[in-house]
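Below: my_file_29.csv (CSV, C-alpha atoms)
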chain,number,residue,atom,x,y,z
A,1,MET,CA,-78.0,19.2,40.7
A,2,LYS,CA,-76.7,21.6,38.0
A,3,LYS,CA,-73.1,20.7,38.8
A,4,ALA,CA,-73.9,17.0,38.5
A,5,VAL,CA,-75.5,17.5,35.1
A,6,PHE,CA,-72.6,19.6,33.9
A,7,ALA,CA,-70.1,17.0,35.1
A,8,LEU,CA,-72.1,14.2,33.3
A,9,ILE,CA,-72.1,16.2,30.1
A,10,SER,CA,-68.4,16.9,30.4
A,11,VAL,CA,-67.6,13.3,30.9
A,12,ALA,CA,-69.8,12.3,28.0
A,13,ILE,CA,-68.1,14.8,25.7
A,14,LEU,CA,-64.7,13.8,26.8
A,15,GLY,CA,-65.6,10.1,26.4
A,16,GLY,CA,-66.9,10.7,23.0
A,17,TRP,CA,-63.7,12.6,22.1
A,18,ILE,CA,-61.5,9.8,23.4
A,19,VAL,CA,-63.5,7.2,21.4
A,20,ALA,CA,-63.4,9.2,18.3
A,21,PHE,CA,-59.7,9.9,18.7
A,22,ALA,CA,-59.0,6.2,19.4
A,23,GLN,CA,-60.8,5.2,16.2
A,24,THR,CA,-59.0,7.6,13.9
A,25,THR,CA,-55.5,7.5,15.3
A,26,THR,CA,-53.2,5.0,13.6
A,27,PRO,CA,-52.0,2.2,15.9
A,28,ARG,CA,-48.3,2.3,16.4
A,29,LEU,CA,-45.9,-0.7,16.7
A,30,LEU,CA,-43.3,1.3,18.5
A,31,GLU,CA,-45.8,2.3,21.2
A,32,ARG,CA,-47.1,-1.2,21.6
A,33,ILE,CA,-43.7,-2.7,22.2
A,34,LYS,CA,-42.4,0.3,24.2
A,35,GLU,CA,-43.0,-1.5,27.5
A,36,ARG,CA,-41.4,-4.7,26.3
A,37,PRO,CA,-37.6,-4.7,26.5
A,38,ARG,CA,-37.6,-8.4,25.5
A,39,ILE,CA,-40.0,-9.8,22.9
A,40,SER,CA,-39.9,-13.0,20.9
A,41,THR,CA,-39.8,-12.9,17.1
A,42,GLN,CA,-43.2,-14.5,17.0
A,43,GLU,CA,-44.7,-12.0,19.3
A,44,PHE,CA,-43.2,-9.2,17.3
A,45,GLN,CA,-44.7,-10.5,14.1
A,46,GLN,CA,-48.1,-11.0,15.8
A,47,ASN,CA,-48.0,-7.4,16.9
A,48,ARG,CA,-47.2,-6.2,13.4
A,49,GLU,CA,-49.9,-8.2,11.8
A,50,GLU,CA,-52.4,-7.0,14.4
A,51,ILE,CA,-51.5,-3.4,13.7
A,52,GLN,CA,-51.7,-3.9,10.0
A,53,ARG,CA,-55.2,-5.4,10.4
A,54,GLN,CA,-56.2,-2.4,12.6
A,55,ILE,CA,-54.8,0.1,10.0
A,56,GLU,CA,-56.8,-1.7,7.3
A,57,GLN,CA,-60.0,-1.5,9.4
A,58,ILE,CA,-59.6,2.2,10.1
A,59,ARG,CA,-58.9,2.9,6.4
A,60,ALA,CA,-61.9,0.8,5.3
A,61,GLU,CA,-64.1,2.8,7.8
A,62,TYR,CA,-62.7,6.1,6.5
A,63,ARG,CA,-63.5,5.2,2.9
A,64,LYS,CA,-66.9,3.9,3.8
A,65,GLN,CA,-67.8,7.2,5.5
A,66,ILE,CA,-66.7,9.1,2.4
A,67,GLN,CA,-68.6,6.8,0.1
A,68,GLU,CA,-71.8,7.2,2.2
A,69,LYS,CA,-71.3,11.0,2.1
A,70,ARG,CA,-70.9,10.9,-1.7
A,71,GLU,CA,-74.1,8.9,-2.1
A,72,GLU,CA,-75.9,11.7,-0.2
A,73,MET,CA,-74.1,14.3,-2.3
A,74,LYS,CA,-75.3,12.7,-5.6
A,75,ALA,CA,-78.9,13.9,-5.1
A,76,LYS,CA,-77.8,17.3,-4.1
A,77,ILE,CA,-75.5,17.6,-7.2
A,78,GLU,CA,-78.4,16.5,-9.4
A,79,ALA,CA,-80.6,19.2,-8.0
A,80,LEU,CA,-78.0,21.8,-8.5
A,81,LYS,CA,-77.5,20.6,-12.1
A,82,GLU,CA,-81.2,21.2,-12.7
A,83,GLN,CA,-81.0,24.7,-11.3
A,84,LEU,CA,-78.0,25.4,-13.6
A,85,LYS,CA,-79.9,24.1,-16.7
A,86,THR,CA,-82.8,26.4,-15.9
A,87,LYS,CA,-80.5,29.4,-15.6
A,88,LEU,CA,-78.7,28.5,-18.7
A,89,ARG,CA,-81.9,28.1,-20.7
A,90,GLU,CA,-82.9,31.6,-19.9
A,91,ARG,CA,-79.7,33.4,-21.0
A,92,ILE,CA,-77.3,31.2,-23.0
A,93,SER,CA,-77.3,29.6,-26.5
A,94,GLU,CA,-77.8,25.9,-26.9
A,95,ARG,CA,-74.2,25.1,-27.9
A,96,LYS,CA,-72.7,26.9,-24.9
A,97,ARG,CA,-75.3,25.4,-22.6
A,98,ALA,CA,-74.1,21.9,-23.3
A,99,ILE,CA,-70.5,23.0,-22.7
A,100,VAL,CA,-71.2,24.6,-19.4
A,101,GLU,CA,-73.2,21.5,-18.2
A,102,ARG,CA,-70.3,19.3,-19.2
A,103,ILE,CA,-67.8,21.4,-17.3
A,104,TYR,CA,-69.9,21.2,-14.2
A,105,ASP,CA,-70.1,17.4,-14.5
A,106,ARG,CA,-66.3,17.3,-15.0
A,107,ILE,CA,-65.6,19.5,-12.0
A,108,ASN,CA,-67.5,17.1,-9.7
A,109,ALA,CA,-65.9,14.0,-11.4
A,110,LEU,CA,-62.4,15.4,-11.2
A,111,ASN,CA,-62.9,16.2,-7.5
A,112,GLU,CA,-63.9,12.6,-6.9
A,113,ARG,CA,-61.1,11.2,-9.0
A,114,MET,CA,-58.4,13.3,-7.4
A,115,THR,CA,-59.5,12.8,-3.8
A,116,ASP,CA,-59.6,9.0,-4.5
A,117,HIS,CA,-56.1,9.3,-5.8
A,118,TYR,CA,-54.9,11.2,-2.7
A,119,MET,CA,-56.5,8.6,-0.5
A,120,ASP,CA,-54.6,5.9,-2.3
A,121,VAL,CA,-51.3,7.8,-1.9
A,122,LEU,CA,-51.9,8.2,1.8
A,123,ASP,CA,-52.7,4.6,2.3
A,124,HIS,CA,-49.5,3.7,0.5
A,125,LEU,CA,-47.5,6.1,2.6
A,126,GLU,CA,-49.0,4.7,5.8
A,127,LYS,CA,-47.9,1.2,4.7
A,128,VAL,CA,-44.4,2.4,4.1
A,129,LEU,CA,-44.4,4.1,7.5
A,130,GLU,CA,-45.4,0.9,9.2
A,131,ARG,CA,-42.4,-0.8,7.6
A,132,ILE,CA,-40.2,2.0,8.8
A,133,GLU,CA,-41.6,1.5,12.3
A,134,SER,CA,-41.0,-2.2,12.1
A,135,ARG,CA,-37.3,-1.7,11.2
A,136,THR,CA,-36.9,1.0,13.8
A,137,ALA,CA,-38.4,-1.3,16.5
A,138,LYS,CA,-35.9,-4.0,15.6
A,139,ALA,CA,-33.1,-1.4,15.9
A,140,GLU,CA,-34.4,-0.3,19.3
A,141,LEU,CA,-34.6,-3.9,20.5
A,142,ASN,CA,-30.9,-4.2,19.6
A,143,GLY,CA,-30.1,-1.2,21.7
A,144,ARG,CA,-29.5,1.3,18.9
A,145,ASP,CA,-30.3,5.0,19.4
A,146,VAL,CA,-33.5,5.5,17.4
A,147,SER,CA,-34.6,8.8,18.9
A,148,LYS,CA,-34.2,10.8,15.6
A,149,VAL,CA,-36.1,8.2,13.6
A,150,LYS,CA,-38.9,8.1,16.2
A,151,GLU,CA,-39.2,11.9,16.0
A,152,ALA,CA,-39.4,11.7,12.2
A,153,ILE,CA,-42.0,8.9,12.3
A,154,GLU,CA,-44.1,11.0,14.7
A,155,LYS,CA,-44.0,14.0,12.3
A,156,ALA,CA,-44.9,11.7,9.4
A,157,HIS,CA,-47.9,10.3,11.2
A,158,GLU,CA,-49.0,13.9,12.0
A,159,ALA,CA,-48.6,14.9,8.3
A,160,ILE,CA,-50.5,11.9,7.1
A,161,GLU,CA,-53.4,12.6,9.5
A,162,LYS,CA,-53.5,16.2,8.5
A,163,ALA,CA,-53.6,15.3,4.9
A,164,ARG,CA,-56.3,12.7,5.5
A,165,GLU,CA,-58.5,15.2,7.2
A,166,ALA,CA,-58.0,17.6,4.2
A,167,VAL,CA,-58.8,14.9,1.7
A,168,LYS,CA,-61.9,13.9,3.5
A,169,ALA,CA,-63.2,17.5,3.7
A,170,GLN,CA,-62.4,17.9,0.0
A,171,ALA,CA,-64.1,14.7,-1.0
A,172,GLU,CA,-67.2,15.8,0.8
A,173,LYS,CA,-67.4,19.2,-0.9
A,174,VAL,CA,-70.3,20.0,-3.2
A,175,TYR,CA,-69.4,22.6,-5.8
A,176,GLN,CA,-72.1,25.1,-6.5
A,177,PRO,CA,-72.8,25.7,-10.2
A,178,PRO,CA,-71.3,28.9,-11.6
A,179,GLU,CA,-73.2,32.1,-11.3
A,180,ILE,CA,-74.4,32.8,-14.8
A,181,THR,CA,-74.6,36.5,-15.7
A,182,THR,CA,-74.4,37.0,-19.5
A,183,GLU,CA,-73.2,35.0,-22.4
A,184,GLU,CA,-70.3,37.4,-22.9
A,185,LYS,CA,-69.1,36.8,-19.4
A,186,LEU,CA,-69.8,33.1,-19.5
A,187,LYS,CA,-66.1,32.0,-19.8
A,188,LEU,CA,-65.2,34.3,-16.8
A,189,ASP,CA,-68.1,33.0,-14.7
A,190,VAL,CA,-67.4,29.3,-15.4
A,191,GLY,CA,-63.7,30.0,-15.0
A,192,LYS,CA,-64.2,31.1,-11.4
A,193,LEU,CA,-65.6,27.6,-10.6
A,194,ARG,CA,-62.7,25.9,-12.3
A,195,GLN,CA,-60.2,28.1,-10.4
A,196,GLN,CA,-62.0,27.3,-7.1
A,197,LEU,CA,-61.6,23.6,-7.6
A,198,HIS,CA,-58.0,24.0,-8.8
A,199,ASP,CA,-57.1,26.0,-5.7
A,200,ASP,CA,-58.8,23.6,-3.4
A,201,LEU,CA,-57.1,20.5,-4.9
A,202,LYS,CA,-53.7,22.3,-5.0
A,203,ALA,CA,-54.0,22.9,-1.2
A,204,VAL,CA,-54.8,19.2,-0.6
A,205,GLU,CA,-52.0,18.2,-3.0
A,206,LYS,CA,-49.6,20.2,-1.0
A,207,LEU,CA,-50.5,18.4,2.2
A,208,VAL,CA,-50.2,15.0,0.5
A,209,LYS,CA,-46.8,16.0,-0.8
A,210,ASP,CA,-45.8,17.2,2.7
A,211,ALA,CA,-46.8,13.8,4.0
A,212,ARG,CA,-44.7,12.0,1.4
A,213,ASP,CA,-41.7,14.2,2.3
A,214,ALA,CA,-42.2,13.5,6.0
A,215,VAL,CA,-42.2,9.7,5.3
A,216,ARG,CA,-39.1,10.2,3.2
A,217,GLN,CA,-37.4,12.0,6.1
A,218,ALA,CA,-38.2,9.1,8.4
A,219,ALA,CA,-36.7,6.7,5.8
A,220,VAL,CA,-33.6,8.8,5.6
A,221,ALA,CA,-33.2,8.9,9.4
A,222,LEU,CA,-33.7,5.2,9.5
A,223,ALA,CA,-31.0,4.6,6.9
A,224,GLN,CA,-28.5,6.5,9.0
A,225,ILE,CA,-28.5,3.8,11.7
A,226,PRO,CA,-25.4,1.7,11.0
A,227,LYS,CA,-26.1,-1.7,9.6
A,228,VAL,CA,-29.8,-1.3,10.3
A,229,ASP,CA,-30.9,-3.9,7.8
A,230,GLU,CA,-28.9,-6.6,9.6
A,231,LEU,CA,-30.8,-6.1,12.8
A,232,GLU,CA,-33.5,-8.5,13.7
A,233,VAL,CA,-35.6,-9.2,16.8
A,234,PRO,CA,-33.0,-10.5,19.4
A,235,THR,CA,-33.7,-14.1,20.4
A,236,THR,CA,-35.1,-14.5,23.8
A,237,THR,CA,-35.4,-17.5,26.1
A,238,GLU,CA,-39.1,-16.8,26.4
A,239,THR,CA,-41.3,-19.3,24.6
A,240,THR,CA,-44.7,-18.3,25.7
A,241,THR,CA,-46.7,-15.9,23.5
A,242,GLN,CA,-49.0,-13.3,24.9
A,243,PRO,CA,-52.3,-12.7,23.1
A,244,THR,CA,-52.3,-9.4,21.3
A,245,GLN,CA,-55.0,-6.8,22.0
B,1,MET,CA,19.3,-64.1,-60.3
B,2,GLU,CA,16.0,-63.6,-62.0
B,3,GLN,CA,14.5,-66.3,-59.9
B,4,LYS,CA,15.6,-64.6,-56.7
B,5,THR,CA,13.8,-61.4,-57.7
B,6,GLU,CA,10.7,-63.4,-58.5
B,7,THR,CA,10.5,-65.0,-55.0
B,8,LYS,CA,11.1,-61.6,-53.4
B,9,LYS,CA,8.2,-60.1,-55.3
B,10,SER,CA,5.9,-62.9,-54.5
B,11,SER,CA,6.6,-62.6,-50.7
B,12,ILE,CA,6.0,-58.7,-50.8
B,13,VAL,CA,2.6,-59.0,-52.5
B,14,PRO,CA,0.7,-60.6,-49.5
B,15,ILE,CA,2.2,-58.1,-47.1
B,16,VAL,CA,1.1,-55.2,-49.3
B,17,LEU,CA,-2.4,-56.8,-49.7
B,18,ALA,CA,-2.6,-57.3,-45.9
B,19,ILE,CA,-1.7,-53.6,-45.3
B,20,VAL,CA,-4.3,-52.5,-47.8
B,21,VAL,CA,-6.9,-54.7,-46.2
B,22,ILE,CA,-6.0,-53.3,-42.8
B,23,VAL,CA,-6.2,-49.7,-44.0
B,24,VAL,CA,-9.6,-50.4,-45.7
B,25,LEU,CA,-11.0,-52.0,-42.6
B,26,ALA,CA,-9.7,-49.2,-40.5
B,27,GLY,CA,-11.4,-46.7,-42.8
B,28,VAL,CA,-14.7,-48.6,-42.7
B,29,TRP,CA,-14.5,-48.8,-38.9
B,30,TYR,CA,-13.8,-45.1,-38.6
B,31,TRP,CA,-16.6,-44.2,-41.0
B,32,ALA,CA,-19.1,-46.5,-39.1
B,33,ARG,CA,-18.0,-45.0,-35.7
B,34,LYS,CA,-18.5,-41.5,-37.0
B,35,SER,CA,-22.0,-42.2,-38.5
B,36,ILE,CA,-23.4,-43.5,-35.2
B,37,VAL,CA,-25.5,-40.7,-33.8
B,38,ARG,CA,-23.9,-39.8,-30.6
B,39,PRO,CA,-26.3,-38.7,-27.8
B,40,VAL,CA,-26.0,-35.0,-27.4
B,41,PRO,CA,-24.2,-34.5,-24.1
B,42,THR,CA,-26.7,-32.8,-21.9
B,43,SER,CA,-25.4,-30.1,-19.8
B,44,PRO,CA,-26.6,-30.1,-16.3
B,45,PRO,CA,-29.7,-27.9,-15.8
B,46,PRO,CA,-28.7,-24.5,-14.7
B,47,LYS,CA,-29.0,-24.1,-11.0
B,48,PRO,CA,-31.9,-21.8,-10.1
B,49,VAL,CA,-30.5,-18.4,-9.4
B,50,GLU,CA,-31.4,-17.6,-5.9
B,51,LYS,CA,-33.0,-14.2,-6.0
B,52,VAL,CA,-32.3,-12.4,-2.8
B,53,THR,CA,-35.4,-10.4,-2.2
B,54,PRO,CA,-34.8,-7.7,0.4
B,55,LYS,CA,-37.0,-7.9,3.5
B,56,GLU,CA,-40.1,-5.8,3.2
B,57,ASP,CA,-38.9,-3.6,6.1
B,58,SER,CA,-35.3,-3.2,4.8
B,59,THR,CA,-34.2,0.3,3.8
B,60,ALA,CA,-33.8,-0.8,0.2
B,61,ALA,CA,-37.4,-2.1,0.0
B,62,ILE,CA,-38.7,1.0,1.8
B,63,ASN,CA,-36.9,3.3,-0.6
B,64,GLN,CA,-38.2,1.4,-3.6
B,65,GLU,CA,-41.8,1.6,-2.3
B,66,LEU,CA,-41.4,5.3,-1.7
B,67,GLU,CA,-40.0,5.9,-5.2
B,68,GLY,CA,-43.0,4.2,-6.6
B,69,ILE,CA,-45.5,6.5,-4.9
B,70,GLY,CA,-46.4,9.1,-7.6
B,71,ILE,CA,-48.8,12.0,-7.4
B,72,LEU,CA,-50.9,12.8,-10.4
B,73,ASP,CA,-50.1,16.0,-12.3
B,74,LEU,CA,-52.9,18.4,-11.3
B,75,GLU,CA,-52.5,20.7,-14.3
B,76,GLY,CA,-52.8,17.7,-16.7
B,77,GLU,CA,-56.0,16.6,-15.0
B,78,PHE,CA,-57.6,20.0,-15.8
B,79,LYS,CA,-56.8,19.7,-19.5
B,80,GLU,CA,-60.3,18.6,-20.6
B,81,ILE,CA,-62.0,21.3,-18.5
B,82,ASP,CA,-59.7,23.9,-19.9
B,83,GLN,CA,-60.4,22.8,-23.4
B,84,ASP,CA,-64.1,23.2,-22.8
B,85,LEU,CA,-63.6,26.5,-21.1
B,86,ASN,CA,-61.7,27.8,-24.1
B,87,SER,CA,-64.5,26.9,-26.4
B,88,LEU,CA,-66.9,29.1,-24.6
Structure re-expressed in structure tokens:
Amino acid sequence: MKKAVFALISVAILGGWIVAFAQTTTPRLLERIKERPRISTQEFQQNREEIQRQIEQIRAEYRKQIQEKREEMKAKIEALKEQLKTKLRERISERKRAIVERIYDRINALNERMTDHYMDVLDHLEKVLERIESRTAKAELNGRDVSKVKEAIEKAHEAIEKAREAVKAQAEKVYQPPEITTEEKLKLDVGKLRQQLHDDLKAVEKLVKDARDAVRQAAVALAQIPKVDELEVPTTTETTTQPTQ
Amino acid sequence: MEQKTETKKSSIVPIVLAIVVIVVLAGVWYWARKSIVRPVPTSPPPKPVEKVTPKEDSTAAINQELEGIGILDLEGEFKEIDQDLNSL
């Protein structure tokens, strides 16, 4: 009985993991046409459009999740702001109180703005990578050796995914107000919070830049295929089209 | 002798007059022709220049897209916070 329960739980966890993985992993054109040595131009285009749609859906879901989390965070941030106000009222002059409150607002706003920006950059990179995949697939269908490009594309996908996870985690962070000790140490105390945000964003920025470099590497590898821009989907005698997934 | 010269003169005068009339008429004709507003010769409309846009998955388009992806300067984004911090 215990064994059966254990097996059921394991299957459920594994199933959940597979579903989660399937939802977040970017669909790939190269994988989809891997088993198809011959494909019509129409089918190729249909597959591309389908993949583009799926990517859009995944990204919309990703943004929706972050947006929902941000809505939840708003109330928490407001509560923290009230706590900060109380602390400041006890120890700090009115002029400086206003400045500290403004910095705390700006810290949260900057985090939102920068994570939005990084998400935009990653979306853009993903679109470019899809184009690289399309051109690579055409080269492969024409019998060219695309192994190096495929390897670079894989690395670029991994880098984008890694950056996405980091951006999501950063976007969902709630920064605690600074620990206020004395008015003399106010700059130091608030500076710690500023430095914390800076370091966190810098780390995310690095991953986004790594993703951009990885996509560049894939583009460079693609450009090394002779006359790659002249290659199109080879014409086939097949006229029937298969429905896409 | 004098009579001969007289007849010669009288035969030249109509010729000279005819030449003058022809020259005047030619001048009038030329002036009239010039004053007619000639239609401005219209040059054929320039052929639309075919802009060859590279395919979206061409290496040129891909590189162009990549070049356009900029990342904001983080230090610059902290400027306002740093100004506030310095006024503490």
Select from chain B every residue with an atom at most 7 Å from any atom of chain A, then for each give the shortest pair of atoms and their distance in Å to one decimal, using all atoms listed in the file, rows by chain and rising number, as CSV.
residue,atom,partner,partner_atom,distance
B:Asp57,CA,A:Arg131,CA,4.7
B:Ser58,CA,A:Asp229,CA,5.4
B:Thr59,CA,A:Ala223,CA,6.2
B:Ile62,CA,A:Val128,CA,6.3
B:Glu65,CA,A:Val128,CA,7.0
B:Ile69,CA,A:Val121,CA,6.7
B:Ile81,CA,A:Ile103,CA,5.9
B:Asp84,CA,A:Ile99,CA,6.4
B:Leu85,CA,A:Lys187,CA,6.2
B:Leu88,CA,A:Lys187,CA,5.7
Preceding selection exported with C-alpha atoms as an mmCIF file, in the coordinates of the input:
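Full text of again.cif as output:
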data_model
loop_
_atom_site.group_PDB
_atom_site.id
_atom_site.type_symbol
_atom_site.label_atom_id
_atom_site.label_comp_id
_atom_site.auth_asym_id
_atom_site.auth_seq_id
_atom_site.Cartn_x
_atom_site.Cartn_y
_atom_site.Cartn_z
ATOM 1 C CA ASP B 57 -38.900 -3.600 6.100
ATOM 2 C CA SER B 58 -35.300 -3.200 4.800
ATOM 3 C CA THR B 59 -34.200 0.300 3.800
ATOM 4 C CA ILE B 62 -38.700 1.000 1.800
ATOM 5 C CA GLU B 65 -41.800 1.600 -2.300
ATOM 6 C CA ILE B 69 -45.500 6.500 -4.900
ATOM 7 C CA ILE B 81 -62.000 21.300 -18.500
ATOM 8 C CA ASP B 84 -64.100 23.200 -22.800
ATOM 9 C CA LEU B 85 -63.600 26.500 -21.100
ATOM 10 C CA LEU B 88 -66.900 29.100 -24.600
#
So what do you get for atom CA of A:Lys81 versus atom CA of A:Met119, distance-wise? 26.8 Å
Report, in Å with one decimal, the straight-line distance from atom CA of A:Met73 to atom CA of B:Gln83.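 The value is 26.6 Å.
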How big is the axis-aligned box around all listed atoms of stretch 198-209 of chain A once 3 Å goes on each side, and where's its centre, in Å to one decimal, as lines of an AutoDock Vina configuration file?
center_x = -52.8
center_y = 20.5
center_z = -3.3
size_x = 18.0
size_y = 17.0
size_z = 17.0
Calculate how many Å separate atom CA of A:Ile33 from atom CA of A:Arg63, rounding to one decimal. 28.8 Å
Write out as a PyMOL selection string each polymer residue whose atoms come within 7 Å of A:Asp189, counting all atoms listed in the file; drop sequence neighbours fewer than 5 positions from it. chain A and resi 178-180
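Residue nearest A:Arg36, chosen from A:Glu126, A:Ala137, A:Ala152, A:Leu80 and counting all atoms listed in the file: A:Ala137.
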Missing atoms in stretch 8-32 of chain B: fill them in up to N, CA and C atoms and send the result as a PDB file, in the frame of the given file.
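Saved to out.pdb:
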ATOM      1  N   LYS B   8      11.191 -62.809 -54.220  1.00  0.00           N
ATOM      2  CA  LYS B   8      11.100 -61.600 -53.400  1.00  0.00           C
ATOM      3  C   LYS B   8       9.771 -60.894 -53.601  1.00  0.00           C
ATOM      4  N   LYS B   9       9.447 -60.798 -54.933  1.00  0.00           N
ATOM      5  CA  LYS B   9       8.200 -60.100 -55.300  1.00  0.00           C
ATOM      6  C   LYS B   9       6.979 -60.842 -54.776  1.00  0.00           C
ATOM      7  N   SER B  10       7.046 -62.163 -54.914  1.00  0.00           N
ATOM      8  CA  SER B  10       5.900 -62.900 -54.500  1.00  0.00           C
ATOM      9  C   SER B  10       5.703 -62.900 -52.953  1.00  0.00           C
ATOM     10  N   SER B  11       6.769 -62.664 -52.201  1.00  0.00           N
ATOM     11  CA  SER B  11       6.600 -62.600 -50.700  1.00  0.00           C
ATOM     12  C   SER B  11       6.148 -61.178 -50.290  1.00  0.00           C
ATOM     13  N   ILE B  12       6.380 -60.129 -51.109  1.00  0.00           N
ATOM     14  CA  ILE B  12       6.000 -58.700 -50.800  1.00  0.00           C
ATOM     15  C   ILE B  12       4.458 -58.562 -51.015  1.00  0.00           C
ATOM     16  N   VAL B  13       3.965 -59.161 -52.048  1.00  0.00           N
ATOM     17  CA  VAL B  13       2.600 -59.000 -52.500  1.00  0.00           C
ATOM     18  C   VAL B  13       1.570 -59.251 -51.319  1.00  0.00           C
ATOM     19  N   PRO B  14       1.664 -60.405 -50.625  1.00  0.00           N
ATOM     20  CA  PRO B  14       0.700 -60.600 -49.500  1.00  0.00           C
ATOM     21  C   PRO B  14       0.803 -59.591 -48.395  1.00  0.00           C
ATOM     22  N   ILE B  15       2.039 -59.130 -48.201  1.00  0.00           N
ATOM     23  CA  ILE B  15       2.200 -58.100 -47.100  1.00  0.00           C
ATOM     24  C   ILE B  15       1.492 -56.822 -47.507  1.00  0.00           C
ATOM     25  N   VAL B  16       1.716 -56.436 -48.777  1.00  0.00           N
ATOM     26  CA  VAL B  16       1.100 -55.200 -49.300  1.00  0.00           C
ATOM     27  C   VAL B  16      -0.434 -55.338 -49.214  1.00  0.00           C
ATOM     28  N   LEU B  17      -0.901 -56.527 -49.668  1.00  0.00           N
ATOM     29  CA  LEU B  17      -2.400 -56.800 -49.700  1.00  0.00           C
ATOM     30  C   LEU B  17      -2.916 -56.696 -48.235  1.00  0.00           C
ATOM     31  N   ALA B  18      -2.154 -57.286 -47.302  1.00  0.00           N
ATOM     32  CA  ALA B  18      -2.600 -57.300 -45.900  1.00  0.00           C
ATOM     33  C   ALA B  18      -2.699 -55.847 -45.369  1.00  0.00           C
ATOM     34  N   ILE B  19      -1.654 -55.034 -45.758  1.00  0.00           N
ATOM     35  CA  ILE B  19      -1.700 -53.600 -45.300  1.00  0.00           C
ATOM     36  C   ILE B  19      -2.875 -52.900 -45.889  1.00  0.00           C
ATOM     37  N   VAL B  20      -3.138 -53.136 -47.186  1.00  0.00           N
ATOM     38  CA  VAL B  20      -4.300 -52.500 -47.800  1.00  0.00           C
ATOM     39  C   VAL B  20      -5.588 -52.864 -47.149  1.00  0.00           C
ATOM     40  N   VAL B  21      -5.718 -54.196 -46.880  1.00  0.00           N
ATOM     41  CA  VAL B  21      -6.900 -54.700 -46.200  1.00  0.00           C
ATOM     42  C   VAL B  21      -7.101 -54.006 -44.841  1.00  0.00           C
ATOM     43  N   ILE B  22      -5.976 -53.923 -44.115  1.00  0.00           N
ATOM     44  CA  ILE B  22      -6.000 -53.300 -42.800  1.00  0.00           C
ATOM     45  C   ILE B  22      -6.470 -51.835 -42.873  1.00  0.00           C
ATOM     46  N   VAL B  23      -5.871 -51.157 -43.879  1.00  0.00           N
ATOM     47  CA  VAL B  23      -6.200 -49.700 -44.000  1.00  0.00           C
ATOM     48  C   VAL B  23      -7.688 -49.570 -44.402  1.00  0.00           C
ATOM     49  N   VAL B  24      -8.175 -50.431 -45.323  1.00  0.00           N
ATOM     50  CA  VAL B  24      -9.600 -50.400 -45.700  1.00  0.00           C
ATOM     51  C   VAL B  24     -10.497 -50.639 -44.517  1.00  0.00           C
ATOM     52  N   LEU B  25     -10.145 -51.674 -43.775  1.00  0.00           N
ATOM     53  CA  LEU B  25     -11.000 -52.000 -42.600  1.00  0.00           C
ATOM     54  C   LEU B  25     -10.972 -50.880 -41.562  1.00  0.00           C
ATOM     55  N   ALA B  26      -9.774 -50.307 -41.421  1.00  0.00           N
ATOM     56  CA  ALA B  26      -9.700 -49.200 -40.500  1.00  0.00           C
ATOM     57  C   ALA B  26     -10.572 -48.030 -40.924  1.00  0.00           C
ATOM     58  N   GLY B  27     -10.552 -47.815 -42.270  1.00  0.00           N
ATOM     59  CA  GLY B  27     -11.400 -46.700 -42.800  1.00  0.00           C
ATOM     60  C   GLY B  27     -12.858 -47.004 -42.593  1.00  0.00           C
ATOM     61  N   VAL B  28     -13.277 -48.238 -42.871  1.00  0.00           N
ATOM     62  CA  VAL B  28     -14.700 -48.600 -42.700  1.00  0.00           C
ATOM     63  C   VAL B  28     -15.087 -48.457 -41.200  1.00  0.00           C
ATOM     64  N   TRP B  29     -14.188 -48.901 -40.326  1.00  0.00           N
ATOM     65  CA  TRP B  29     -14.500 -48.800 -38.900  1.00  0.00           C
ATOM     66  C   TRP B  29     -14.645 -47.358 -38.437  1.00  0.00           C
ATOM     67  N   TYR B  30     -13.727 -46.534 -38.987  1.00  0.00           N
ATOM     68  CA  TYR B  30     -13.800 -45.100 -38.600  1.00  0.00           C
ATOM     69  C   TYR B  30     -15.043 -44.453 -39.087  1.00  0.00           C
ATOM     70  N   TRP B  31     -15.443 -44.817 -40.356  1.00  0.00           N
ATOM     71  CA  TRP B  31     -16.600 -44.200 -41.000  1.00  0.00           C
ATOM     72  C   TRP B  31     -17.889 -44.645 -40.155  1.00  0.00           C
ATOM     73  N   ALA B  32     -17.924 -45.956 -39.814  1.00  0.00           N
ATOM     74  CA  ALA B  32     -19.100 -46.500 -39.100  1.00  0.00           C
ATOM     75  C   ALA B  32     -19.176 -45.827 -37.693  1.00  0.00           C
TER      76      ALA B  32
END
